[in-house]
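Just below is one structure, and these are the notes that go with it.
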Amino acid sequence: MKLLDWYFKSNLLVRILLGLVLGAVCGLAFGPAMAWVTPFGEIFIRLLKMIVMPVIIFTLTVGAASVHPAQLGRVGVKALMIYLVTTGFAVGFGLICGNIFQPGKGMTIAATAAEGVKADVATPSLIDTLINVVPVNPFGAITDGNVLPVIFCCLLFGIGLAYARNNEDEKVQESGETVFRFFNGGAEIMYMVVHWILQYAPIGVFALIADVFGKQGAEAFGPLGWTTLAIYLAFVGHMLVVYGGLLLIYGLSPLAFFSKAKEAIVTAFVTRSSGGTLPVSMETAGQKMGISQGVYSFSLPLGATINMDGTAIYQGVCAIFVGFAIGAPLTFAQQMTIIATSLLASIGTAGVPGAGAIMLMMVLESVGLKVEPGSPVAMAYAMIFGIDALLDMGRTACNVTGDLTVTCLVAKSENQMDMSKWGDAPPPSPSKGSVLDMSPENP
Ligand code: ASP
């Protein structure tokens with residue numbers, strides 16, 4: 001009883017890490033004799049797979065329907081475009097780092113069942129993938145687990161819903177609101193179910209990792225460390241090169257930016273939630289960066305919902321890791337597909353802890369790497385999942401930095417930024433105060 005009490009009351013992160021460490025220790029100590037835990041791992045993979053489609057359908061529709069069409073004016077379109085472009089860079093960055101570091105190369109997970117996997121990996125060409133984004137039958141796409149077409153439908157449906165909710169005709173508006181409430185409720189329920197599934201995660205992680213280490217031995221440590229290094233270097237590189245470069249182009253000092261954004265970045269790192277960090281990033285944007293409320297009140301929540309550069313980087317590197325780990329490195333066409341899927345998947349990732357790891361499944365499936373229980377892909381995925389907390393911290397920090405960067409760029413280009421906060425003398429009253437005068441002029 002005490003054990004159960006401890007289990008449900010202690011910190012989930014600690015429990016998952018404990019599962020990871022115990023799994024590795026037991027796998028190393030007992031080797032293939034740990035095979036009896038395999039079903040526990042399979043149940044975990046099944047639970048995650050079960051939840052992927054409903055999560056996408058509800059959260060993406062609500063995300064798209066939450067943007068007021070009127071806000072999709074100049075500022076909205078600008079923010080949206082920059083968000084998409086930076087995320088495109090992010091996936092590219094992830095894939096470049098993945099190709100340089102080649103995480104997972106030399107692992108032998110494939111040796112056990114390479115045949116079946118190779119057959120799975122035979123994916124359609126890039127052009128076919130693009131055409132297939134438009135489904136002939138949306139419900140067929142859902143039952144077949146085809147992620148891209150489902151995302152496409154949900155986005156379209158969500159945008160339609162946004163228009164319905166804001167329609168001049170009261171009847172249409174009312175029905176729009178009703179449908180929105182249904183989806184919103186569904187999304188909330190999904191978060192709850194994910195929360196419950198995560199309660200099982202420590203056991204699932206223990207079983208999966210014990211399985212991997214039981215079969216792989218100590219050599220599984222190296223690739224995980226290497227993957228983490230590749231992902232973190234890509235995070236830092238993206239933040240310095242892409243965000244830093246864009247800030248410079250727009251005439252803003254990256255140093256000043258990072259010094260102002262540090263609380264938000266640290267909060268994101270520890271909470272692992274873009275949504276949860278929103279109050280801090282809003283305060284940062286308004287008080288420290290001098291951005292007008294009209295810009296940040298729209299751009300930051302939008303960013304916390306759809307802009308996940310860190311998640312996109314993580315998905316790119318992890319897909320490469322899984323490809324190498326199972327002995328079927330991703331081809332060029334598959335990597336191009338990963339760019340498209342990660343971009344869309346990151347849009348559909350909720351700003352809550354661990355969401356990116358669930359979305360990674362669909363990114364993998366888009367290139368034929370099906371996370372079937374007991375398959376090598378599932379084992380490679382489990383290894384990544386075992387260290388997800390560590391990876392989630394970095395990617396959330398990167399996500400929130402991206403939201404703030406884009407908000408700065410939009411505000412600067414729209415003249416919606418109090419430049420005195422950036423050390424520039426305010427043009428209208430040059431004689432007043434020094435450049436270090438941080439007195440609040442605009443409440
Ligand atoms: N935790 C991330 C965020 O809130 C999402 C993810 O898991 O990738 O931004």
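So you can find residues: chains in the structure tokens are A, B, ... in the order shown, residues in each start at 1, and ligands are numbered from 1 in order.
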> Using only C-alpha atoms and all ligand atoms, what are the residues with an atom within 8 Å of ligand 1, set out as a PyMOL selection string?
Replying inline: chain A and resi 268+272-276+304+308+310-312+314+346+349-358+392-393+395-397+399-400
Store the residues of this selection in a file with C-alpha atoms, as a short mmCIF file (atom, residue, chain, number, x, y, z; two decimals), in the first residue's frame.
```cif
data_model
loop_
_atom_site.label_atom_id
_atom_site.label_comp_id
_atom_site.auth_asym_id
_atom_site.auth_seq_id
_atom_site.Cartn_x
_atom_site.Cartn_y
_atom_site.Cartn_z
CA ALA A 268 10.66 26.85 -19.99
CA ARG A 272 9.01 21.77 -19.89
CA SER A 273 5.87 23.57 -21.00
CA SER A 274 5.58 26.47 -23.47
CA GLY A 275 1.99 26.97 -22.35
CA GLY A 276 3.01 27.07 -18.71
CA ALA A 304 3.13 28.65 -27.65
CA MET A 308 7.91 24.50 -31.70
CA GLY A 310 13.04 22.82 -30.51
CA THR A 311 10.51 20.05 -30.99
CA ALA A 312 11.11 20.08 -34.75
CA TYR A 314 14.42 16.98 -31.79
CA SER A 346 5.48 20.67 -34.34
CA THR A 349 2.34 19.60 -30.65
CA ALA A 350 0.68 20.92 -27.52
CA GLY A 351 2.82 23.17 -25.33
CA VAL A 352 2.84 20.67 -22.48
CA PRO A 353 5.58 18.39 -21.15
CA GLY A 354 6.31 15.35 -23.26
CA ALA A 355 3.93 16.17 -26.12
CA GLY A 356 6.78 16.20 -28.67
CA ALA A 357 7.70 12.62 -27.84
CA ILE A 358 4.20 11.43 -28.67
CA ASP A 392 12.16 18.08 -23.42
CA MET A 393 13.89 20.67 -21.22
CA ARG A 395 13.44 21.77 -26.71
CA THR A 396 10.95 23.73 -24.62
CA ALA A 397 13.62 26.35 -23.89
CA ASN A 399 10.52 26.75 -28.39
CA VAL A 400 9.97 29.66 -26.01
#
```
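Look at Met361 in chain A: the protein and nucleic acid residues within 8 Å of it, using only C-alpha atoms and passing over chain neighbours fewer than 3 places away, are Lys49, Ala357, Ile358, Leu364, Glu365, Lys370 and Val371 of chain A.
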Please produce a file of those selected residues containing N, CA, C and O atoms, as a compact mmCIF listing (two decimals), in the first residue's frame.
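Wrote again14.txt, looks like this:
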```txt
# COMPACT_ATOMS: atom_id res chain seq x y z
N LYS A 49 0.28 4.82 -28.75
CA LYS A 49 -0.26 4.80 -30.12
C LYS A 49 -1.76 5.07 -30.13
O LYS A 49 -2.29 5.75 -30.99
N ALA A 357 7.30 14.02 -27.74
CA ALA A 357 7.70 12.62 -27.84
C ALA A 357 6.57 11.77 -28.42
O ALA A 357 6.81 10.80 -29.13
N ILE A 358 5.34 12.17 -28.11
CA ILE A 358 4.20 11.43 -28.67
C ILE A 358 4.09 11.73 -30.17
O ILE A 358 3.88 10.85 -30.98
N LEU A 364 7.84 9.44 -37.30
CA LEU A 364 8.51 8.20 -37.70
C LEU A 364 7.61 7.41 -38.64
O LEU A 364 8.06 6.88 -39.66
N GLU A 365 6.34 7.36 -38.31
CA GLU A 365 5.43 6.56 -39.13
C GLU A 365 5.30 7.13 -40.54
O GLU A 365 5.06 6.40 -41.49
N LYS A 370 7.34 2.22 -38.51
CA LYS A 370 6.16 2.00 -37.66
C LYS A 370 6.57 1.52 -36.28
O LYS A 370 7.33 0.58 -36.13
N VAL A 371 6.02 2.20 -35.26
CA VAL A 371 6.36 1.84 -33.88
C VAL A 371 5.44 0.70 -33.44
O VAL A 371 4.54 0.88 -32.64
```
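Using only C-alpha atoms, the protein and nucleic acid residues lying no more than 9 Å from Arg15 in chain A, apart from those fewer than 6 places from it along its own chain, are A:Tyr7, A:Ala201, A:Pro202, A:Ile203.
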> Tell me, which residues of range 130-327 of chain A carry DSSP alpha helix (DSSP H), written as a PyMOL selection string?
Replying inline: chain A and resi 130-132+138-144+147-165+170-216+221-237+244-249+254-271+274-283+293-306+309-325
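Every protein or nucleic acid residue with an atom no more than 6 Å from Ala64 in chain A, counting only C-alpha atoms and leaving out same-chain residues fewer than 4 positions away, appears here: Leu155, Gly158 and Ile159 of chain A.
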Proximity of range 6-124 of chain A to range 336-345 of chain A: per-residue shortest pair, 10 Å limit, only C-alpha atoms, as a tab-separated table:
```
residue	atom	partner	partner_atom	distance
A:Ile56	CA	A:Ala345	CA	8.7
A:Leu60	CA	A:Ala345	CA	9.5
A:Leu84	CA	A:Leu343	CA	7.7
A:Val85	CA	A:Leu343	CA	9.6
A:Thr86	CA	A:Leu343	CA	10.0
A:Thr87	CA	A:Leu343	CA	6.4
A:Gly88	CA	A:Leu343	CA	6.5
A:Phe89	CA	A:Ile339	CA	9.5
A:Ala90	CA	A:Leu343	CA	8.8
A:Val91	CA	A:Ile339	CA	5.8
A:Gly92	CA	A:Ile339	CA	7.0
A:Gly94	CA	A:Ile339	CA	9.5
A:Leu95	CA	A:Ile339	CA	8.3
A:Thr123	CA	A:Thr337	CA	9.8
A:Pro124	CA	A:Thr337	CA	9.8
```
Could you dump the residues just selected with N, CA and C atoms as a tab-separated table (two decimals), in the first residue's frame?
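Below is the file part_33.tsv, written as the result:
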```tsv
chain	number	residue	atom	x	y	z
A	56	ILE	N	-4.10	14.51	-31.88
A	56	ILE	CA	-3.92	15.39	-33.04
A	56	ILE	C	-5.26	16.02	-33.43
A	60	LEU	N	-5.19	19.96	-32.59
A	60	LEU	CA	-4.88	20.75	-33.78
A	60	LEU	C	-6.10	21.54	-34.24
A	84	LEU	N	6.70	29.90	-39.31
A	84	LEU	CA	6.87	28.75	-40.19
A	84	LEU	C	8.29	28.69	-40.75
A	85	VAL	N	8.81	29.88	-41.14
A	85	VAL	CA	10.16	29.90	-41.73
A	85	VAL	C	11.19	29.44	-40.69
A	86	THR	N	11.09	29.97	-39.45
A	86	THR	CA	12.08	29.58	-38.44
A	86	THR	C	11.96	28.08	-38.13
A	87	THR	N	10.73	27.56	-38.13
A	87	THR	CA	10.59	26.13	-37.85
A	87	THR	C	11.19	25.31	-39.00
A	88	GLY	N	11.01	25.82	-40.24
A	88	GLY	CA	11.63	25.15	-41.40
A	88	GLY	C	13.14	25.08	-41.20
A	89	PHE	N	13.75	26.21	-40.79
A	89	PHE	CA	15.20	26.24	-40.52
A	89	PHE	C	15.54	25.22	-39.43
A	90	ALA	N	14.66	25.16	-38.43
A	90	ALA	CA	14.94	24.29	-37.28
A	90	ALA	C	15.02	22.82	-37.71
A	91	VAL	N	14.04	22.38	-38.50
A	91	VAL	CA	14.09	20.97	-38.92
A	91	VAL	C	15.35	20.73	-39.74
A	92	GLY	N	15.65	21.72	-40.63
A	92	GLY	CA	16.86	21.60	-41.45
A	92	GLY	C	18.08	21.46	-40.55
A	94	GLY	N	18.23	20.41	-37.49
A	94	GLY	CA	18.19	19.10	-36.84
A	94	GLY	C	18.72	18.02	-37.77
A	95	LEU	N	18.27	18.07	-39.02
A	95	LEU	CA	18.70	17.02	-39.95
A	95	LEU	C	20.20	17.15	-40.26
A	123	THR	N	9.33	3.50	-48.72
A	123	THR	CA	8.33	4.57	-48.66
A	123	THR	C	8.06	5.14	-50.04
A	124	PRO	N	6.93	5.82	-50.23
A	124	PRO	CA	6.67	6.44	-51.52
A	124	PRO	C	7.63	7.61	-51.79
```
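Taking CA of Glu263 in chain A and CA of Cys398 in chain A as the two end points, the separation is 13.1 Å.
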>> Between CA of Gly63 in chain A and CA of Gln293 in chain A, what distance in Å does the model show, to one decimal?
In response: 20.9 Å
As a compact mmCIF listing (two decimals) with N, CA, C and O atoms, in the first residue's frame, please: the residues near range 33-38 of chain A (cut-off 8 Å, only C-alpha atoms, same-chain neighbours under 5 positions excluded).
```
# COMPACT_ATOMS: atom_id res chain seq x y z
N CYS A 26 18.87 -3.57 -14.55
CA CYS A 26 18.36 -4.95 -14.63
C CYS A 26 18.72 -5.58 -15.98
O CYS A 26 19.09 -6.75 -16.05
N GLY A 27 18.59 -4.79 -17.05
CA GLY A 27 18.93 -5.32 -18.38
C GLY A 27 20.38 -5.76 -18.43
O GLY A 27 20.71 -6.83 -18.95
N ALA A 207 10.42 -1.43 -18.51
CA ALA A 207 10.35 -2.66 -19.29
C ALA A 207 11.07 -2.53 -20.63
O ALA A 207 11.86 -3.39 -21.03
N LEU A 208 10.83 -1.41 -21.30
CA LEU A 208 11.43 -1.23 -22.62
C LEU A 208 12.95 -1.12 -22.53
O LEU A 208 13.68 -1.69 -23.34
N ALA A 210 14.87 -2.20 -20.05
CA ALA A 210 15.45 -3.47 -19.61
C ALA A 210 15.59 -4.40 -20.82
O ALA A 210 16.58 -5.11 -20.97
N ASP A 211 14.59 -4.34 -21.70
CA ASP A 211 14.61 -5.15 -22.91
C ASP A 211 15.80 -4.77 -23.80
O ASP A 211 16.57 -5.61 -24.25
N GLY A 214 19.04 -5.50 -22.05
CA GLY A 214 19.19 -6.95 -21.94
C GLY A 214 19.72 -7.53 -23.24
O GLY A 214 20.53 -8.46 -23.25
N GLY A 374 7.13 -4.48 -29.96
CA GLY A 374 8.09 -5.56 -30.17
C GLY A 374 9.03 -5.36 -31.33
O GLY A 374 9.96 -6.11 -31.53
```
Give me the range 319-361 of chain A side of the contact with range 221-245 of chain A, cut-off 10 Å, one line per residue showing its nearest atom pair and distance in Å at one decimal, counting only C-alpha atoms, sorted by chain and residue number, as JSON lines.
```
{"residue": "A:Ile320", "atom": "CA", "partner": "A:Thr227", "partner_atom": "CA", "distance": 9.5}
{"residue": "A:Phe321", "atom": "CA", "partner": "A:Thr227", "partner_atom": "CA", "distance": 7.1}
{"residue": "A:Ala325", "atom": "CA", "partner": "A:Pro223", "partner_atom": "CA", "distance": 8.7}
```
> Given the choices A:Ala162, A:Ile45, A:Ala187, A:Met419, which gets closest to Leu252 in chain A if the distance is worked out from only C-alpha atoms?
Replying inline: A:Met419
> Taking only C-alpha atoms into account, which of A:Gly104, A:Pro373, A:Pro301, A:Pro69 comes nearest Glu42 in chain A?
Replying inline: A:Pro373
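A straight line drawn from CA of Ile326 in chain A to CA of Ala380 in chain A is 7.3 Å long.
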> Quick one: of A:Gly160, A:Gly423, A:Gly323, A:Gly204, who's nearest to Gly290 in chain A, counting only C-alpha atoms?
Replying inline: A:Gly423
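Nearest-residue note for Met282 in chain A: choosing from A:Ile265, A:Leu161, A:Cys97, A:Leu404, the minimum distance belongs to A:Leu404, counting only C-alpha atoms.
Take the candidates A:Leu247, A:Gly19, A:Lys105, A:Val55 and check each one against Pro329 in chain A using only C-alpha atoms; the shortest distance goes to A:Lys105.
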